Structure formats: structure tokens, C-alpha cells
Amino acid sequence: MLLKRILWTYRSKGPSKLAYMGGKFAYQFARDLKKGEYAPVTVLKSYATGVTPKSYLWLGLENKDPDQYISTPEVFLELNEGYGNVLSNKFVFTEANQDFDDIVPELYGTIEFGTFRPSSEKYPDDLRRLVADQGSITVKPIDDNQGNGFYILSVVDGELEISTRELSPPSVEALLDQLDGYIVSELINQHAYADEIYPDAINTLRILTAIDPDTLEPRVIRAAHRFGSDESAPTDNFAAGGYCANVNVETGEIGEIATVGNDDQRVLHRTHPKTGASVAGVELPYWEEALETVLELADKHRPARLVGWDVIISPDGPRVIEGNIKPGIHLIQADAGLLEEPPAERLLE
């Protein structure tokens with residue numbers, strides 16, 4: 001029966017509706033069975049619902065209605081078609097939001113063919129001097145990168161220091177020589193609550209807005225909080241091993257962190273798995289301000305109908321570091337399927 005269900009899922013939804021599978025459905029199904037990372041029955045059940053085993057377990061689909069879940073990021077690309085470069089390209093995003101200069105991180109410049117080019121005459125043309133002036137800066141690829149190639153440059157005891165996920169970070173000289181197509185921008189310090197939960201990464205919110213097809217007004221429909229781990233630091237990237245928890249949109253209260261245990265069971269944690277700091281029940285500071293901020297941005301970028309905004313709560317309020325036209329099928333469905341939200345269902349039907 002499960003094999004029949006798998007074939008029906010593939011034929012009815014089609015490759016474009018299956019998470020990360022594309023036209024390689026049969027190949028990936030056979031590969032996951034052969035790898036033995038998951039129990040055969042888990043692989044069969046996951047593919048019968050049209051998702052990978054990892055997604056099936058993490059989302060807890062065994063006890064939920066899979067038809068309420070988005071299983072592939074492709075649907076967001078289709079919905080936001082034609083507007084991707086404005087949000088996905090970090091340089092364009094920063095330039096397009098100059099009127100939000102108190103919210104979007106300050107752009108110091110770009111790195112092209114190993115050479116730093118300041119965005120303004122008020123910044124030195126030497127990156128070392130810039131770091132010395134600012135204390136810390138971020139360096140990251142202009143294009144979407146899922147946390148790869150992200151560097152924090154800081155001055156420590158008079159010397160430049162690099163923070164990165166790379167096991168063997170390059171020297172400053174080697175780093176500058178190898179980079180091309182990067183932006184250099186302000187490092188936003190996070191609020192004390194985030195430092196207490198996990199201090200070695202920048203812990204961000206992803207707040208999902210939708211242009212309501214009935215009222216044509218922007219609405220906040222989902223939110224999740226990411227937290228770094230020893231594997232993902234200095235980022236909180238979920239794909240790199242970071243954690244995430246649902247956030248109650250009405251109250252700004254963080255929920256439980258979800259992980260998958262060794263027995264292929266979804267486990268919920270009220271504390272951070274590494275630091276033991278309380279997570280569930282923490283009420284976010286500046287929550288109303290964060291909602292107002294992303295709604296303003298959503299209204300400005302109305303051609304993008306569904307956007308996941310990455311927000312840092314700083315000691316002084318919310319700062320928006322980027323917008324995502326692919327808001328992440330795990331992050332925004334950490335607690336329930338996205339199609340349970342009427343605006344999202346109407347937009348994606």
C-alpha cells in the first residue's frame with residue numbers, strides 16, 4: 001500500500017511539488033533506502049507524503065495532515081517570480097532599502113577580485129582600517145548562501161581575527177585575496193536574551209509576511225526563531241546544524257526547539273540543547289516594533305507576495321538583515337503546516 005501511495009504522490013503532485021527531489025524522485029528514494037540512515041518504514045512513509053525522511057521526521061508528519069504542508073521551496077519562487085533579485089541579492093536589498101537606514105545594516109562596501117571598494121568616501125579603502133574603526137564587521141556573499149562564506153572580522157588585542165564555520169579559517173591576507181562578489185557591512189549586536197541562549201552565534205528571527213489576496217494588505221502570518229549550535233556558529237543557519245523554534249505571532253513568545261532523536265522521533269526541548277538556557281516561554285523584547293518594521297518592508301516590496309524577513313533584535317530594537325523569497329519549509333512550519341494560514345492557502349492554491 002505504501003508503494004502505491006508513493007507512486008500516486010509522485011504522479012499527482014509531480015516532481016516540482018516534492019521537496020528537494022525534482023526529477024530524481026526514484027533515485028533519491030532508492031538512495032535513502034540503501035543508505036540505512038533511516039528505518040525503511042520511515043523512508044517509505046516519508047516518500048508517500050512527498051517529502052524527504054529528514055523533513056518527515058523533523059516536521060512530525062506522522063501525526064499530522066501532510067496536505068497542510070508546503071513540501072518544496074519552488075512554490076515560493078513561482079509566487080515571487082520576477083522579484084527574486086531584489087531580495088536575494090544582498091547588495092541590491094541594502095541599496096533598495098536606504099530609506100530604512102536605521103533598520104537595515106549599514107553597507108560599508110564590496111569586495112571585488114580581492115579588493116575592498118568602500119561604498120562611500122567616509123569609509124577607508126583599506127579593510128583593516130575599517131575593522132579597526134568599527135571594531136567588528138561582517139563579510140558575506142552577495143547572493144543567497146545559506147550561511148556559507150560568512151565571516152566576522154574583529155580586532156582582538158590589536159590583531160585582526162576571523163570568525164567562520166570553516167574548520168581552518170584563512171589568514172586575513174589569504175581571505176582578501178580569494179574573495180569576489182562579497183559585501184562588507186555592519187555587525188549588529190544582539191539583545192541580551194539571545195546572548196544568554198547561545199552567545200557564539202548571531203541568533204535571528206524569521207518573520208513571514210503575506211500580501212493578503214482579499215484585503216491587499218500585508219500581514220504577519222508566521223514567525224520562527226533560529227539559534228546557533230556548535231556546528232553552525234558563528235551563524236544560526238538551520239541547514240548547518242542550527243536550531244529553530246516557533247514564535248507565537250500574537251504574543252512574541254518563543255516555543256520549544258524541535259530536533260530528531262537517534263530513534264527517528266521528533267523531540268521537543270524547552271531549553272537550548274547545548275547551553276541548557278531556557279528558550280520556551282521567553283518573551284521577545286521589541287516584538288511589536290519588529291512586526292511593524294516587517295510590515296512596512298512588506299508593503300514597500302509588494303510584488304513579493306510571501307517573504308521571510310531575517311530580523312535581529314538588538315539592544316536598541318529590531319534590525320532587518322535580509323528578505324527571503326524562499327522562506328524555508330522547515331522554519332516557517334516548525335509548529336504547523338503553512339496552508340493552515342488562509343492568506344497563504346489562497347496565495348498558493
# chains A, B, ... in the order shown; residues from 1 in each chain; ligands from 1

call {"tool": "residues_around", "arguments": {"residues": "A:Tyr151", "least_positions_apart": "5", "cutoff": "10 Å", "atoms": "only C-alpha atoms", "output": "compact mmCIF listing (two decimals) with C-alpha atoms, in the first residue's frame"}}
result
# COMPACT_ATOMS: atom_id res chain seq x y z
CA ILE A 137 32.25 43.86 10.56
CA THR A 138 30.55 41.11 8.55
CA VAL A 139 31.69 39.81 5.17
CA LYS A 140 29.30 37.61 3.18
CA PRO A 141 28.48 36.65 -0.42
CA GLU A 161 40.61 37.85 13.96
CA ILE A 162 38.29 35.83 11.71
CA SER A 163 35.18 34.01 12.93
CA THR A 164 33.74 31.49 10.47
CA ARG A 165 32.29 27.97 10.23
CA GLU A 166 35.36 26.84 8.29
CA PRO A 169 39.96 29.73 8.55
CA LEU A 175 40.86 35.75 2.74
CA VAL A 184 31.02 44.25 3.79
CA PRO A 234 29.02 31.95 14.10
CA THR A 235 25.72 31.71 12.17

call {"tool": "select_by_dssp", "arguments": {"residues": "stretch 131-311 of chain A", "states": "strand (DSSP E)", "output": "CSV table (one decimal) with N, CA and C atoms, in the first residue's frame"}}
result
chain,number,residue,atom,x,y,z
A,136,SER,N,34.1,45.5,14.7
A,136,SER,CA,33.8,44.3,14.0
A,136,SER,C,32.9,44.6,12.8
A,137,ILE,N,33.1,43.7,11.8
A,137,ILE,CA,32.3,43.9,10.6
A,137,ILE,C,31.9,42.5,10.1
A,138,THR,N,30.9,42.4,9.2
A,138,THR,CA,30.5,41.1,8.5
A,138,THR,C,30.9,41.1,7.1
A,139,VAL,N,31.3,40.0,6.6
A,139,VAL,CA,31.7,39.8,5.2
A,139,VAL,C,30.9,38.6,4.7
A,140,LYS,N,30.1,38.7,3.6
A,140,LYS,CA,29.3,37.6,3.2
A,140,LYS,C,29.0,37.7,1.7
A,141,PRO,N,28.8,36.6,1.0
A,141,PRO,CA,28.5,36.7,-0.4
A,141,PRO,C,27.3,37.5,-0.7
A,151,TYR,N,31.8,35.6,7.2
A,151,TYR,CA,32.9,35.8,8.1
A,151,TYR,C,32.6,37.1,8.9
A,152,ILE,N,33.1,37.0,10.2
A,152,ILE,CA,33.1,38.2,11.0
A,152,ILE,C,34.6,38.5,11.3
A,153,LEU,N,34.9,39.7,10.9
A,153,LEU,CA,36.3,40.2,11.2
A,153,LEU,C,36.2,41.2,12.4
A,154,SER,N,37.1,40.9,13.3
A,154,SER,CA,37.1,41.8,14.6
A,154,SER,C,38.6,42.1,14.9
A,155,VAL,N,38.7,43.1,15.7
A,155,VAL,CA,40.0,43.4,16.3
A,155,VAL,C,40.1,42.9,17.7
A,156,VAL,N,41.0,42.0,17.9
A,156,VAL,CA,41.2,41.4,19.2
A,156,VAL,C,42.7,41.6,19.7
A,159,GLU,N,45.0,42.7,17.0
A,159,GLU,CA,45.1,41.9,15.8
A,159,GLU,C,43.8,41.6,15.2
A,160,LEU,N,43.7,41.4,13.8
A,160,LEU,CA,42.5,41.0,13.2
A,160,LEU,C,42.2,39.6,13.4
A,161,GLU,N,41.0,39.2,13.7
A,161,GLU,CA,40.6,37.9,14.0
A,161,GLU,C,39.4,37.5,13.1
A,162,ILE,N,39.4,36.3,12.6
A,162,ILE,CA,38.3,35.8,11.7
A,162,ILE,C,37.4,34.8,12.5
A,163,SER,N,36.1,35.0,12.4
A,163,SER,CA,35.2,34.0,12.9
A,163,SER,C,34.4,33.5,11.7
A,182,TYR,N,31.5,39.9,-2.8
A,182,TYR,CA,31.1,39.9,-1.3
A,182,TYR,C,30.7,41.3,-0.9
A,183,ILE,N,29.8,41.4,0.1
A,183,ILE,CA,29.5,42.7,0.7
A,183,ILE,C,30.1,42.8,2.1
A,184,VAL,N,30.5,44.0,2.5
A,184,VAL,CA,31.0,44.2,3.8
A,184,VAL,C,30.0,45.2,4.5
A,185,SER,N,29.5,44.8,5.6
A,185,SER,CA,28.5,45.6,6.3
A,185,SER,C,28.6,45.5,7.8
A,186,GLU,N,27.8,46.3,8.4
A,186,GLU,CA,27.8,46.5,9.9
A,186,GLU,C,27.4,45.2,10.6
A,205,LEU,N,15.5,36.0,14.0
A,205,LEU,CA,14.1,35.7,13.8
A,205,LEU,C,13.9,35.6,12.3
A,206,ARG,N,13.0,34.7,11.9
A,206,ARG,CA,12.5,34.8,10.5
A,206,ARG,C,11.0,35.0,10.6
A,207,ILE,N,10.5,36.2,10.1
A,207,ILE,CA,9.1,36.6,10.2
A,207,ILE,C,8.6,36.6,8.8
A,208,LEU,N,7.5,35.8,8.6
A,208,LEU,CA,6.9,35.6,7.3
A,208,LEU,C,5.7,36.6,7.2
A,209,THR,N,5.8,37.4,6.1
A,209,THR,CA,4.7,38.2,5.8
A,209,THR,C,4.0,37.8,4.5
A,210,ALA,N,2.7,38.1,4.3
A,210,ALA,CA,2.0,37.8,3.1
A,210,ALA,C,1.2,39.0,2.7
A,211,ILE,N,1.0,39.2,1.4
A,211,ILE,CA,0.1,40.2,1.0
A,211,ILE,C,-1.3,39.5,0.9
A,218,PRO,N,-0.5,43.9,3.8
A,218,PRO,CA,0.5,42.9,4.3
A,218,PRO,C,0.1,42.4,5.7
A,219,ARG,N,0.3,41.1,5.9
A,219,ARG,CA,0.1,40.5,7.2
A,219,ARG,C,1.2,39.7,7.7
A,220,VAL,N,1.5,39.6,8.9
A,220,VAL,CA,2.4,38.7,9.5
A,220,VAL,C,1.7,37.4,9.8
A,221,ILE,N,2.1,36.3,9.2
A,221,ILE,CA,1.4,35.1,9.4
A,221,ILE,C,2.2,34.0,10.1
A,222,ARG,N,3.5,34.1,10.2
A,222,ARG,CA,4.3,33.1,10.9
A,222,ARG,C,5.6,33.7,11.4
A,223,ALA,N,6.2,33.1,12.4
A,223,ALA,CA,7.5,33.6,12.8
A,223,ALA,C,8.2,32.4,13.5
A,224,ALA,N,9.5,32.4,13.4
A,224,ALA,CA,10.3,31.3,14.0
A,224,ALA,C,11.6,32.0,14.5
A,225,HIS,N,12.2,31.4,15.5
A,225,HIS,CA,13.5,31.9,16.0
A,225,HIS,C,14.6,30.9,15.8
A,226,ARG,N,15.6,31.3,15.1
A,226,ARG,CA,16.8,30.3,14.9
A,226,ARG,C,17.8,30.6,16.0
A,227,PHE,N,18.5,29.5,16.4
A,227,PHE,CA,19.6,29.6,17.4
A,227,PHE,C,20.8,28.8,16.9
A,243,TYR,N,19.4,25.4,15.4
A,243,TYR,CA,18.1,25.0,15.9
A,243,TYR,C,17.1,26.1,15.5
A,244,CYS,N,15.8,25.7,15.6
A,244,CYS,CA,14.8,26.7,15.5
A,244,CYS,C,13.6,26.3,16.3
A,245,ALA,N,12.8,27.4,16.7
A,245,ALA,CA,11.6,27.2,17.5
A,245,ALA,C,10.5,28.1,16.9
A,246,ASN,N,9.3,27.7,17.0
A,246,ASN,CA,8.2,28.6,16.6
A,246,ASN,C,8.0,29.8,17.5
A,247,VAL,N,7.5,30.9,17.0
A,247,VAL,CA,7.2,32.0,17.8
A,247,VAL,C,5.8,32.4,17.7
A,254,ILE,N,8.5,32.7,22.5
A,254,ILE,CA,9.2,31.6,21.8
A,254,ILE,C,8.7,30.2,22.3
A,255,GLY,N,8.5,29.3,21.4
A,255,GLY,CA,8.1,27.9,21.7
A,255,GLY,C,9.2,27.0,21.9
A,256,GLU,N,9.0,25.7,21.7
A,256,GLU,CA,10.0,24.7,22.0
A,256,GLU,C,10.9,24.5,20.8
A,257,ILE,N,12.1,24.1,21.0
A,257,ILE,CA,13.1,23.7,19.9
A,257,ILE,C,12.8,22.3,19.5
A,258,ALA,N,12.7,22.0,18.3
A,258,ALA,CA,12.5,20.7,17.8
A,258,ALA,C,13.8,20.1,17.2
A,259,THR,N,14.0,18.8,17.6
A,259,THR,CA,15.1,18.1,17.0
A,259,THR,C,14.6,16.7,16.7
A,260,VAL,N,15.5,15.9,16.0
A,260,VAL,CA,15.2,14.5,15.7
A,260,VAL,C,16.1,13.6,16.5
A,266,ARG,N,10.7,12.8,16.7
A,266,ARG,CA,10.8,14.2,16.9
A,266,ARG,C,10.8,14.5,18.4
A,267,VAL,N,11.8,15.3,18.8
A,267,VAL,CA,11.9,15.6,20.3
A,267,VAL,C,11.8,17.1,20.4
A,268,LEU,N,11.0,17.6,21.4
A,268,LEU,CA,10.8,19.0,21.7
A,268,LEU,C,11.6,19.3,23.0
A,269,HIS,N,12.3,20.5,22.9
A,269,HIS,CA,13.2,20.9,24.0
A,269,HIS,C,12.7,22.3,24.5
A,306,LEU,N,5.0,36.6,-0.6
A,306,LEU,CA,5.3,35.9,0.6
A,306,LEU,C,6.8,36.0,0.8
A,307,VAL,N,7.2,36.7,1.9
A,307,VAL,CA,8.6,36.9,2.2
A,307,VAL,C,8.9,36.6,3.6
A,308,GLY,N,10.1,35.9,3.8
A,308,GLY,CA,10.6,35.7,5.2
A,308,GLY,C,11.7,36.7,5.5
A,309,TRP,N,11.4,37.5,6.4
A,309,TRP,CA,12.4,38.6,6.8
A,309,TRP,C,13.3,38.1,8.0
A,310,ASP,N,14.6,38.2,7.8
A,310,ASP,CA,15.5,37.9,8.9
A,310,ASP,C,15.8,39.1,9.7
A,311,VAL,N,15.5,38.9,11.0
A,311,VAL,CA,15.5,40.1,11.9
A,311,VAL,C,16.4,39.7,13.1

call {"tool": "closest_residue", "arguments": {"among": "A:Ser119, A:Thr204, A:Thr251, A:Thr271", "to": "A:Glu283", "atoms": "only C-alpha atoms"}}
result
A:Thr251

call {"tool": "select_by_dssp", "arguments": {"residues": "stretch 136-280 of chain A", "states": "helix (DSSP H, G or I)", "output": "number ranges by chain"}}
result
A: 172-178, 192-197, 238-240

call {"tool": "write_last_selection", "arguments": {"atoms": "N, CA, C and O atoms", "output": "mmCIF file, in the first residue's frame"}}
result
data_model
loop_
_atom_site.group_PDB
_atom_site.id
_atom_site.type_symbol
_atom_site.label_atom_id
_atom_site.label_comp_id
_atom_site.auth_asym_id
_atom_site.auth_seq_id
_atom_site.Cartn_x
_atom_site.Cartn_y
_atom_site.Cartn_z
ATOM 1 N N VAL A 172 43.907 36.722 7.197
ATOM 2 C CA VAL A 172 43.223 37.889 6.632
ATOM 3 C C VAL A 172 43.698 38.143 5.207
ATOM 4 O O VAL A 172 42.914 38.401 4.298
ATOM 5 N N GLU A 173 45.015 38.026 5.002
ATOM 6 C CA GLU A 173 45.567 38.279 3.670
ATOM 7 C C GLU A 173 45.034 37.270 2.651
ATOM 8 O O GLU A 173 44.620 37.634 1.549
ATOM 9 N N ALA A 174 45.021 35.990 3.039
ATOM 10 C CA ALA A 174 44.525 34.954 2.129
ATOM 11 C C ALA A 174 43.039 35.140 1.867
ATOM 12 O O ALA A 174 42.556 34.935 0.743
ATOM 13 N N LEU A 175 42.300 35.538 2.896
ATOM 14 C CA LEU A 175 40.862 35.746 2.743
ATOM 15 C C LEU A 175 40.582 36.845 1.735
ATOM 16 O O LEU A 175 39.774 36.672 0.809
ATOM 17 N N LEU A 176 41.254 37.967 1.872
ATOM 18 C CA LEU A 176 41.001 39.088 0.978
ATOM 19 C C LEU A 176 41.382 38.755 -0.458
ATOM 20 O O LEU A 176 40.728 39.180 -1.408
ATOM 21 N N ASP A 177 42.429 37.985 -0.634
ATOM 22 C CA ASP A 177 42.870 37.626 -1.985
ATOM 23 C C ASP A 177 41.866 36.724 -2.702
ATOM 24 O O ASP A 177 41.743 36.769 -3.925
ATOM 25 N N GLN A 178 41.133 35.897 -1.946
ATOM 26 C CA GLN A 178 40.279 34.890 -2.568
ATOM 27 C C GLN A 178 38.844 35.351 -2.786
ATOM 28 O O GLN A 178 38.087 34.711 -3.520
ATOM 29 N N ALA A 192 20.468 40.924 24.859
ATOM 30 C CA ALA A 192 20.989 40.054 25.919
ATOM 31 C C ALA A 192 20.273 38.707 25.973
ATOM 32 O O ALA A 192 20.909 37.679 26.271
ATOM 33 N N TYR A 193 18.964 38.666 25.684
ATOM 34 C CA TYR A 193 18.245 37.387 25.776
ATOM 35 C C TYR A 193 18.846 36.371 24.809
ATOM 36 O O TYR A 193 18.942 35.174 25.126
ATOM 37 N N ALA A 194 19.245 36.829 23.585
ATOM 38 C CA ALA A 194 19.822 35.931 22.584
ATOM 39 C C ALA A 194 21.213 35.487 22.983
ATOM 40 O O ALA A 194 21.608 34.339 22.751
ATOM 41 N N ASP A 195 21.972 36.392 23.575
ATOM 42 C CA ASP A 195 23.307 36.029 24.069
ATOM 43 C C ASP A 195 23.222 34.981 25.170
ATOM 44 O O ASP A 195 24.059 34.077 25.260
ATOM 45 N N GLU A 196 22.217 35.091 25.994
ATOM 46 C CA GLU A 196 22.057 34.135 27.093
ATOM 47 C C GLU A 196 21.721 32.742 26.570
ATOM 48 O O GLU A 196 22.142 31.729 27.135
ATOM 49 N N ILE A 197 20.964 32.674 25.477
ATOM 50 C CA ILE A 197 20.564 31.375 24.939
ATOM 51 C C ILE A 197 21.718 30.714 24.192
ATOM 52 O O ILE A 197 22.023 29.542 24.409
ATOM 53 N N PHE A 238 20.032 26.896 9.925
ATOM 54 C CA PHE A 238 19.384 25.621 10.238
ATOM 55 C C PHE A 238 20.005 24.476 9.448
ATOM 56 O O PHE A 238 20.234 23.383 9.980
ATOM 57 N N ALA A 239 20.298 24.719 8.170
ATOM 58 C CA ALA A 239 20.871 23.668 7.329
ATOM 59 C C ALA A 239 22.260 23.266 7.785
ATOM 60 O O ALA A 239 22.732 22.173 7.476
ATOM 61 N N ALA A 240 22.930 24.144 8.543
ATOM 62 C CA ALA A 240 24.287 23.854 9.015
ATOM 63 C C ALA A 240 24.309 23.251 10.404
ATOM 64 O O ALA A 240 25.375 23.056 10.979
#

call {"tool": "atom_distance", "arguments": {"atom1": "atom CA of A:Leu291", "atom2": "atom CA of A:Pro318"}}
result
9.1 Å

call {"tool": "residues_around", "arguments": {"residues": "stretch 51-66 of chain A", "least_positions_apart": "5", "cutoff": "8 Å", "atoms": "only C-alpha atoms", "output": "list in words"}}
result
Leu18, Ala19, Tyr20, Tyr38, Thr42, Val43, Ser46, Ser71, Ala258, Thr259, Val260, Asp264, Gln265, Arg266, His330, Gln333, Ala334, Asp335 and Gly337 of chain A

call {"tool": "residues_around", "arguments": {"residues": "A:Asp236", "least_positions_apart": "3", "cutoff": "7 Å", "atoms": "only C-alpha atoms", "output": "PyMOL selection string"}}
result
chain A and resi 201-203+226-229+232-233+242

call {"tool": "closest_atom_pairs", "arguments": {"of": "stretch 81-194 of chain A", "to": "stretch 295-304 of chain A", "cutoff": "9 Å", "atoms": "only C-alpha atoms", "output": "Markdown table"}}
result
| residue | atom | partner | partner_atom | distance |
| --- | --- | --- | --- | --- |
| A:Glu81 | CA | A:Ala304 | CA | 7.9 |
| A:Gly82 | CA | A:Pro303 | CA | 8.4 |
| A:Tyr83 | CA | A:Ala304 | CA | 6.2 |
| A:Gly84 | CA | A:Ala304 | CA | 8.0 |
| A:Val86 | CA | A:His301 | CA | 8.9 |
| A:Leu87 | CA | A:Ala304 | CA | 8.8 |
| A:Asn97 | CA | A:Leu297 | CA | 8.4 |
| A:Phe100 | CA | A:Leu297 | CA | 8.7 |

call {"tool": "closest_residue", "arguments": {"among": "A:Asp212, A:Gln190, A:Ile321, A:Thr115", "to": "A:Pro285", "atoms": "only C-alpha atoms"}}
result
A:Gln190
